[in-house]
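Right, one structure below, let's go through it.
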Amino acid sequence: MMETGCVFCAIIKGDAPAEIVYEDEVTLAFMDIHPAAQGHTLVIPKEHFRRRGSPSGHG
Ligand SMILES: [Zn+2]
């Protein structure tokens with residue numbers, strides 16, 4: 001599920017620029033465009049929405 005206005009979903013879709021360093025079916029890792037520190041990498045689940053009791057989802 002994708003959600004409009006979510007920068008993570010935009011990166012997953014390829015609509016927002018990101019330096020992707022790792023990707024699989026459920027996970028995406030990329031270099032932060034505005035890094036807090038050099039080499040700052042974010043690892044997020046691809047699912048946007050949260051389900052109660054589920055750890056998956058970055059939303
Ligand atoms: Zn999202």
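Here, A, B, ... name the chains of the structure tokens in the order displayed, residue numbers run from 1 inside each chain, and ligands are numbered from 1 in the same displayed order.
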For ligand 1, list the contacting residues at 12 Å or closer, counting only C-alpha atoms and all ligand atoms, as a list in words.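 Answer in the requested format: Met1, Met2, Glu3, Thr4, Gly5, Cys6, Val7, Phe8, Cys9, Ala10, Ile11, Ile12, Lys13, Leu28, Ile44, Pro45, Lys46, Glu47, His48, Phe49, Arg50, Ser56, Gly57, His58 and Gly59 of chain A.
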Just want the 7 Å neighbourhood of Asp32 (chain A), counted on only C-alpha atoms, with same-chain residues fewer than 3 positions away dropped. Output as a short mmCIF file (atom, residue, chain, number, x, y, z; two decimals) with C-alpha atoms, in the first residue's frame.
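Wrote part-v7.cif, looks like this:
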data_model
loop_
_atom_site.label_atom_id
_atom_site.label_comp_id
_atom_site.auth_asym_id
_atom_site.auth_seq_id
_atom_site.Cartn_x
_atom_site.Cartn_y
_atom_site.Cartn_z
CA ALA A 18 17.70 8.42 -3.09
CA PRO A 35 22.13 13.21 6.04
CA HIS A 40 23.84 8.08 7.23
CA THR A 41 21.78 5.16 5.93
CA LEU A 42 18.08 4.60 6.51
#
